[in-house]
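Source file: entry00.txt. Holds: compact mmCIF, C-alpha atoms and all ligand atoms.
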```
# COMPACT_ATOMS: atom_id res chain seq x y z
CA MET V 1 90.62 145.65 127.91
CA LEU V 2 87.28 147.28 127.17
CA PHE V 3 86.52 145.12 124.15
CA SER V 4 86.89 141.36 123.93
CA GLU V 5 88.97 139.85 121.15
CA ARG V 6 85.82 137.99 120.17
CA LEU V 7 83.90 141.24 119.67
CA LEU V 8 86.68 142.87 117.65
CA THR V 9 87.09 139.78 115.46
CA ASN V 10 83.34 139.38 114.93
CA ILE V 11 82.98 142.99 113.78
CA LYS V 12 86.10 142.89 111.58
CA PHE V 13 84.83 139.80 109.75
CA ALA V 14 81.13 140.72 109.77
CA ASN V 15 79.44 140.77 106.38
CA SER V 16 76.28 142.16 107.94
CA LEU V 17 75.96 144.39 111.00
CA ALA V 18 72.90 146.04 112.57
CA VAL V 19 72.84 148.78 115.19
CA LEU V 20 69.89 149.85 117.35
CA THR V 21 70.13 153.24 119.04
CA GLY V 22 68.00 154.90 121.68
CA ALA V 23 67.94 158.25 123.45
CA GLY V 24 71.18 157.44 125.28
CA ILE V 25 73.33 157.99 122.19
CA SER V 26 72.07 161.58 122.02
CA ALA V 27 72.39 162.28 125.76
CA GLU V 28 75.96 163.60 125.30
CA SER V 29 74.50 166.01 122.72
CA ARG V 30 72.32 167.33 125.56
CA VAL V 31 69.11 165.83 124.20
CA PRO V 32 67.07 164.68 127.23
CA THR V 33 66.43 160.94 127.51
CA PHE V 34 63.03 159.58 128.53
CA ARG V 35 63.60 157.37 131.56
CA GLY V 36 66.87 158.52 133.10
CA GLU V 37 66.89 160.50 136.35
CA ASN V 38 66.24 163.73 134.41
CA GLY V 39 64.21 161.91 131.77
CA LEU V 40 61.28 163.55 130.06
CA TRP V 41 58.86 160.98 131.41
CA LYS V 42 59.98 161.85 134.94
CA ARG V 43 58.69 165.41 134.37
CA TYR V 44 55.81 164.99 131.94
CA ARG V 45 53.06 162.40 131.42
CA PRO V 46 53.53 160.69 128.02
CA GLU V 47 49.81 159.94 127.92
CA ASP V 48 49.12 163.69 127.85
CA LEU V 49 51.72 164.57 125.24
CA ALA V 50 52.80 161.66 123.09
CA THR V 51 49.75 159.54 122.32
CA ALA V 52 47.52 159.46 119.25
CA GLU V 53 44.53 160.13 121.51
CA ALA V 54 46.19 163.19 123.08
CA PHE V 55 46.78 164.63 119.60
CA LEU V 56 43.14 164.21 118.61
CA SER V 57 41.76 165.54 121.91
CA ASN V 58 44.27 168.36 122.39
CA PRO V 59 46.32 168.97 119.22
CA GLN V 60 47.48 172.38 120.46
CA LEU V 61 49.14 170.87 123.57
CA VAL V 62 50.82 168.15 121.53
CA TRP V 63 52.04 170.73 118.99
CA ASP V 64 53.41 172.88 121.84
CA TRP V 65 55.22 169.82 123.21
CA TYR V 66 56.84 168.96 119.87
CA ARG V 67 57.73 172.60 119.18
CA TYR V 68 59.45 172.61 122.61
CA ARG V 69 61.38 169.42 121.74
CA ARG V 70 62.19 170.70 118.23
CA ASN V 71 63.59 173.89 119.76
CA ILE V 72 65.94 171.86 121.99
CA ILE V 73 66.99 169.62 119.09
CA SER V 74 67.57 172.52 116.69
CA GLN V 75 70.29 173.78 119.06
CA VAL V 76 72.24 170.53 119.47
CA THR V 77 74.77 168.72 117.30
CA PRO V 78 75.85 165.10 116.87
CA ASN V 79 78.44 163.81 119.35
CA PRO V 80 81.45 161.47 118.80
CA GLY V 81 79.15 158.48 119.25
CA HIS V 82 77.09 159.46 116.20
CA TYR V 83 80.22 160.07 114.13
CA ALA V 84 81.75 156.73 115.20
CA LEU V 85 78.73 154.97 113.68
CA VAL V 86 79.34 156.85 110.41
CA ASP V 87 82.90 155.44 110.40
CA LEU V 88 81.64 151.95 111.23
CA GLU V 89 79.15 152.05 108.35
CA THR V 90 81.93 152.70 105.81
CA HIS V 91 83.68 149.43 106.76
CA ILE V 92 80.74 147.03 106.74
CA LYS V 93 79.26 145.81 103.48
CA ASP V 94 75.72 145.36 104.79
CA PHE V 95 75.15 147.94 107.54
CA THR V 96 71.79 149.02 108.97
CA LEU V 97 71.32 151.72 111.60
CA ILE V 98 67.96 151.29 113.30
CA THR V 99 67.08 154.21 115.54
CA GLN V 100 64.28 154.93 117.98
CA ASN V 101 65.39 158.55 118.06
CA VAL V 102 63.48 161.25 116.22
CA ASP V 103 66.19 163.90 116.68
CA ASN V 104 67.69 163.60 113.18
CA LEU V 105 71.24 163.56 114.64
CA HIS V 106 72.30 160.35 112.86
CA ARG V 107 71.33 161.91 109.53
CA ILE V 108 73.14 165.17 110.34
CA ALA V 109 76.25 163.18 111.38
CA GLY V 110 76.27 161.50 107.94
CA SER V 111 74.89 158.00 108.53
CA GLU V 112 73.30 156.71 105.32
CA THR V 113 71.30 153.51 105.90
CA ILE V 114 69.00 154.70 108.67
CA GLU V 115 65.70 153.10 109.67
CA GLU V 116 63.75 155.65 111.73
CA LEU V 117 61.44 153.35 113.68
CA HIS V 118 59.75 156.22 115.52
CA GLY V 119 59.82 158.82 112.73
CA ASN V 120 61.63 162.14 112.57
CA ILE V 121 60.70 165.28 114.52
CA MET V 122 61.84 167.50 111.64
CA ARG V 123 59.10 166.10 109.38
CA ASN V 124 55.33 166.55 109.48
CA ARG V 125 52.38 164.86 107.81
CA CYS V 126 48.66 165.40 107.26
CA VAL V 127 46.50 163.03 109.31
CA ASP V 128 43.99 162.77 106.42
CA CYS V 129 45.90 162.68 103.13
CA ASN V 130 49.36 161.82 104.59
CA ARG V 131 50.98 164.66 102.61
CA ARG V 132 54.46 165.37 104.02
CA TYR V 133 55.52 168.89 105.06
CA ASN V 134 59.03 170.04 105.97
CA ASP V 135 59.22 172.47 108.85
CA ASN V 136 59.64 175.50 106.60
CA GLU V 137 56.57 174.48 104.53
CA LEU V 138 54.24 174.44 107.52
CA PRO V 139 51.36 176.92 107.45
CA HIS V 140 51.87 179.44 110.29
CA MET V 141 49.04 178.27 112.55
CA ASP V 142 48.97 176.96 116.11
CA VAL V 143 47.62 173.67 114.75
CA PRO V 144 48.71 173.69 111.09
CA LYS V 145 46.13 172.60 108.52
CA CYS V 146 46.83 170.79 105.26
CA SER V 147 45.61 172.11 101.88
CA CYS V 148 43.11 169.21 102.00
CA GLY V 149 41.70 170.57 105.27
CA GLY V 150 43.15 167.85 107.50
CA MET V 151 45.26 168.55 110.59
CA ILE V 152 49.02 168.33 110.19
CA ARG V 153 50.98 166.51 112.93
CA PRO V 154 54.67 165.85 113.61
CA ASP V 155 55.82 162.79 111.63
CA VAL V 156 56.76 160.87 114.77
CA VAL V 157 55.27 157.65 116.12
CA LEU V 158 53.07 158.41 119.11
CA PHE V 159 52.11 155.83 121.72
CA GLY V 160 49.16 153.98 120.20
CA ASP V 161 50.36 154.52 116.63
CA LEU V 162 51.46 151.69 114.39
CA LEU V 163 55.12 151.89 113.39
CA PRO V 164 55.82 152.51 109.69
CA ALA V 165 55.39 148.97 108.34
CA ASP V 166 58.15 149.19 105.70
CA VAL V 167 60.68 150.56 108.21
CA LEU V 168 59.82 147.88 110.75
CA ALA V 169 60.04 145.11 108.15
CA ARG V 170 63.50 146.23 107.02
CA SER V 171 64.63 146.55 110.65
CA ILE V 172 63.48 143.03 111.51
CA ALA V 173 65.11 141.64 108.36
CA ALA V 174 68.40 143.39 109.18
CA SER V 175 68.28 142.04 112.76
CA ARG V 176 67.68 138.49 111.50
CA ARG V 177 70.48 138.44 108.90
CA CYS V 178 73.23 140.29 110.75
CA ASP V 179 76.38 138.64 112.07
CA VAL V 180 76.75 141.31 114.79
CA PHE V 181 74.05 143.40 116.49
CA ILE V 182 74.96 146.40 118.65
CA SER V 183 72.32 147.92 120.98
CA ILE V 184 73.33 151.42 122.08
CA GLY V 185 71.77 153.80 124.62
CA THR V 186 68.36 152.22 124.99
CA SER V 187 66.53 150.97 128.06
CA ALA V 188 65.11 148.22 125.80
CA LEU V 189 61.66 148.69 127.31
CA VAL V 190 59.62 149.84 124.30
CA HIS V 191 58.58 147.22 121.75
CA PRO V 192 58.90 146.28 118.97
CA ALA V 193 62.32 148.00 118.97
CA ALA V 194 63.28 146.28 122.22
CA SER V 195 62.71 142.85 120.68
CA LEU V 196 65.25 143.37 117.88
CA PRO V 197 68.42 142.54 119.88
CA ILE V 198 66.88 139.29 121.07
CA GLU V 199 65.59 138.49 117.57
CA ALA V 200 69.16 138.95 116.32
CA LYS V 201 70.52 136.69 119.05
CA ASN V 202 67.93 134.03 118.29
CA CYS V 203 69.06 134.14 114.67
CA GLY V 204 72.70 133.58 115.60
CA ALA V 205 74.13 137.10 115.77
CA TYR V 206 76.80 138.16 118.27
CA VAL V 207 74.90 140.77 120.31
CA VAL V 208 76.61 143.58 122.18
CA GLU V 209 75.03 146.23 124.40
CA ILE V 210 76.67 149.61 125.06
CA ASN V 211 74.74 151.45 127.74
CA PHE V 212 75.24 153.76 130.69
CA GLU V 213 73.71 151.17 133.02
CA LYS V 214 72.42 147.59 133.01
CA THR V 215 69.11 147.05 131.22
CA VAL V 216 66.54 144.29 130.96
CA ILE V 217 68.50 142.69 128.11
CA SER V 218 71.99 142.94 129.65
CA ASP V 219 71.92 139.34 130.87
CA ARG V 220 70.68 138.06 127.50
CA VAL V 221 73.30 139.58 125.19
CA ASP V 222 76.79 138.21 124.49
CA GLU V 223 78.59 141.29 125.77
CA SER V 224 77.41 144.24 127.86
CA ILE V 225 79.71 147.28 127.99
CA ILE V 226 78.79 149.88 130.58
CA GLY V 227 79.70 153.50 129.92
CA GLN V 228 79.00 156.55 127.78
CA SER V 229 78.51 155.76 124.12
CA GLY V 230 80.20 159.02 123.09
CA GLU V 231 83.40 157.71 124.71
CA ILE V 232 83.08 153.96 124.04
CA LEU V 233 82.20 154.07 120.34
CA PRO V 234 85.22 156.15 119.24
CA LEU V 235 87.46 153.80 121.29
CA LEU V 236 85.87 150.82 119.52
CA ILE V 237 86.45 152.38 116.08
CA ASN V 238 90.06 153.05 117.09
CA GLU V 239 90.59 149.47 118.37
CA LEU V 240 89.18 148.19 115.07
CA GLY V 241 91.47 150.48 113.08
CA PHE V 242 88.37 151.83 111.31
CA GLN V 243 88.96 155.53 111.67
N1 LIG S 1 75.70 156.52 126.78
C1 LIG S 1 75.06 155.32 126.72
N2 LIG S 1 73.84 155.11 127.26
C2 LIG S 1 73.25 156.14 127.88
C3 LIG S 1 73.83 157.43 127.98
C4 LIG S 1 75.11 157.60 127.38
N3 LIG S 1 75.76 158.77 127.43
N4 LIG S 1 72.98 158.25 128.66
C5 LIG S 1 71.90 157.50 128.96
N5 LIG S 1 72.06 156.24 128.52
C6 LIG S 1 71.14 155.12 128.61
C7 LIG S 1 70.29 155.11 129.87
O1 LIG S 1 70.97 154.39 130.89
C8 LIG S 1 69.04 154.37 129.39
O2 LIG S 1 69.18 152.96 129.60
O3 LIG S 1 70.23 155.25 127.54
C9 LIG S 1 69.00 154.64 127.89
C10 LIG S 1 67.88 155.59 127.50
O4 LIG S 1 66.66 154.96 127.78
P1 LIG S 1 65.27 155.74 127.53
O5 LIG S 1 65.37 157.08 128.13
O6 LIG S 1 64.19 154.79 127.95
O7 LIG S 1 65.23 155.95 125.96
P2 LIG S 1 64.88 154.89 124.85
O8 LIG S 1 65.32 153.51 125.23
O9 LIG S 1 65.39 155.42 123.56
O10 LIG S 1 63.26 154.94 124.82
C11 LIG S 1 62.62 154.18 123.81
O11 LIG S 1 60.53 155.22 124.44
O12 LIG S 1 59.29 157.07 125.07
C12 LIG S 1 59.62 156.23 124.00
O13 LIG S 1 59.56 156.89 121.74
C13 LIG S 1 60.32 157.01 122.91
O14 LIG S 1 62.01 156.21 121.38
C14 LIG S 1 61.67 156.31 122.75
C15 LIG S 1 61.39 154.93 123.36
```
Rewrite the coordinates I just gave you, this time as structure tokens.
Amino acid sequence: MLFSERLLTNIKFANSLAVLTGAGISAESRVPTFRGENGLWKRYRPEDLATAEAFLSNPQLVWDWYRYRRNIISQVTPNPGHYALVDLETHIKDFTLITQNVDNLHRIAGSETIEELHGNIMRNRCVDCNRRYNDNELPHMDVPKCSCGGMIRPDVVLFGDLLPADVLARSIAASRRCDVFISIGTSALVHPAASLPIEAKNCGAYVVEINFEKTVISDRVDESIIGQSGEILPLLINELGFQ
């Protein structure tokens, strides 16, 4: 039995449920993760490509990096794991999907209550006036400039950036009030996202981890299910009778 009776019962009777996803949920959509054996940070140095300082010192390189990632993401589609979370959301009164992913796949799959902790690679913003630009609105320049003269950057959280305060506040609140918290496809190494499962547990939630391998929180959650989220999540929805 992949799922305990306790897990199935807790989800079925949950008034409030929060989910945290990481790069692992998009791996079966062929979006590279960060720390797996073929992870991006095994091939590139994040400090060169994904920090606020790198953007200011070499905006062209950072733009090239995000254009490369956008190109990969524009060719992929959600997988059954993303769609299973859409089904789950329709059966829970108070459902919050908190994601560390910037790949927009939860939104494309149809999830509605999404908290994008690390932003969204399909959006851009001016570093000076914060004006938002969709991809098709971007001026055609190597380092796009805003009408105010400021540099435009991808609307993703870089290392060294503060997370969007409103998104983080709603994510913490959802983690504290939920009856069940499900952590999916994250190494749980990057804070503050990584603290949310433990915050939920400390506030009395039943915490489940679904991950390809053990992580630093596996021994602290109530249930740790090892496997591919694109296989496990549809099985969970089926066991719950939620499809
Ligand atoms: N199903 C479930 N889990 C999977 C799958 C899969 N098919 N494939 C990989 N995983 C797991 C890996 O075992 C790993 O534990 O997903 C996790 C991915 O971990 P990371 O690559 O560290 O990604 P993530 O946890 O999302 O990173 C957090 O770090 O670099 C920053 O901003 C970046 O949002 C990212 C943050």
message: Taking all atoms listed in the file into account, list the residues no farther than 6 Å from ligand LIG 1 (chain S), as a ChimeraX atom specification.
response: /V:22-25,27-28,33-36,100-101,185-188,190,211-213,227-229
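When all atoms listed in the file are used to measure the gap to Pro32 of chain V, the shortest distance among V:Ala109, V:Cys203, V:Ile72, V:Met141 belongs to V:Ile72.
Considering all atoms listed in the file, the residue among V:Lys214, V:Arg43, V:Arg6, V:His82 positioned nearest to Glu231 of chain V is V:His82.
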message: Given the point (87.6, 152.6, 112.3) in the file's coordinates, find the residues that have an atom at most 8 Å from it, counting only C-alpha atoms, and give them as JSON, numbers by chain.
response: {"V": [84, 87, 88, 91, 236, 237, 238, 239, 240, 241, 242, 243]}
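Distance annotation: of V:Val180, V:His106, V:Gly119, V:Leu20, the residue with the minimal separation from Gly81 of chain V is V:His106; atom set is all atoms listed in the file.
Distance-wise, atom CA of Arg107 of chain V and atom CA of Asn38 of chain V end up 25.5 Å apart.
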query: Pick the closest to Cys178 of chain V from V:Glu137, V:Asp94, V:Asp48, V:Glu115: which is it, counting all atoms listed in the file?
result: V:Asp94
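The smallest atom-to-atom distance between Val127 of chain V and any of V:Gln75, V:Thr99, V:Leu56, V:Asn104, using all atoms listed in the file, is found for V:Leu56.
Using all atoms listed in the file, the shortest contact distance between Leu2 of chain V and any of V:Ile172, V:Val86, V:Ile210, V:Val221 is found at V:Ile210.
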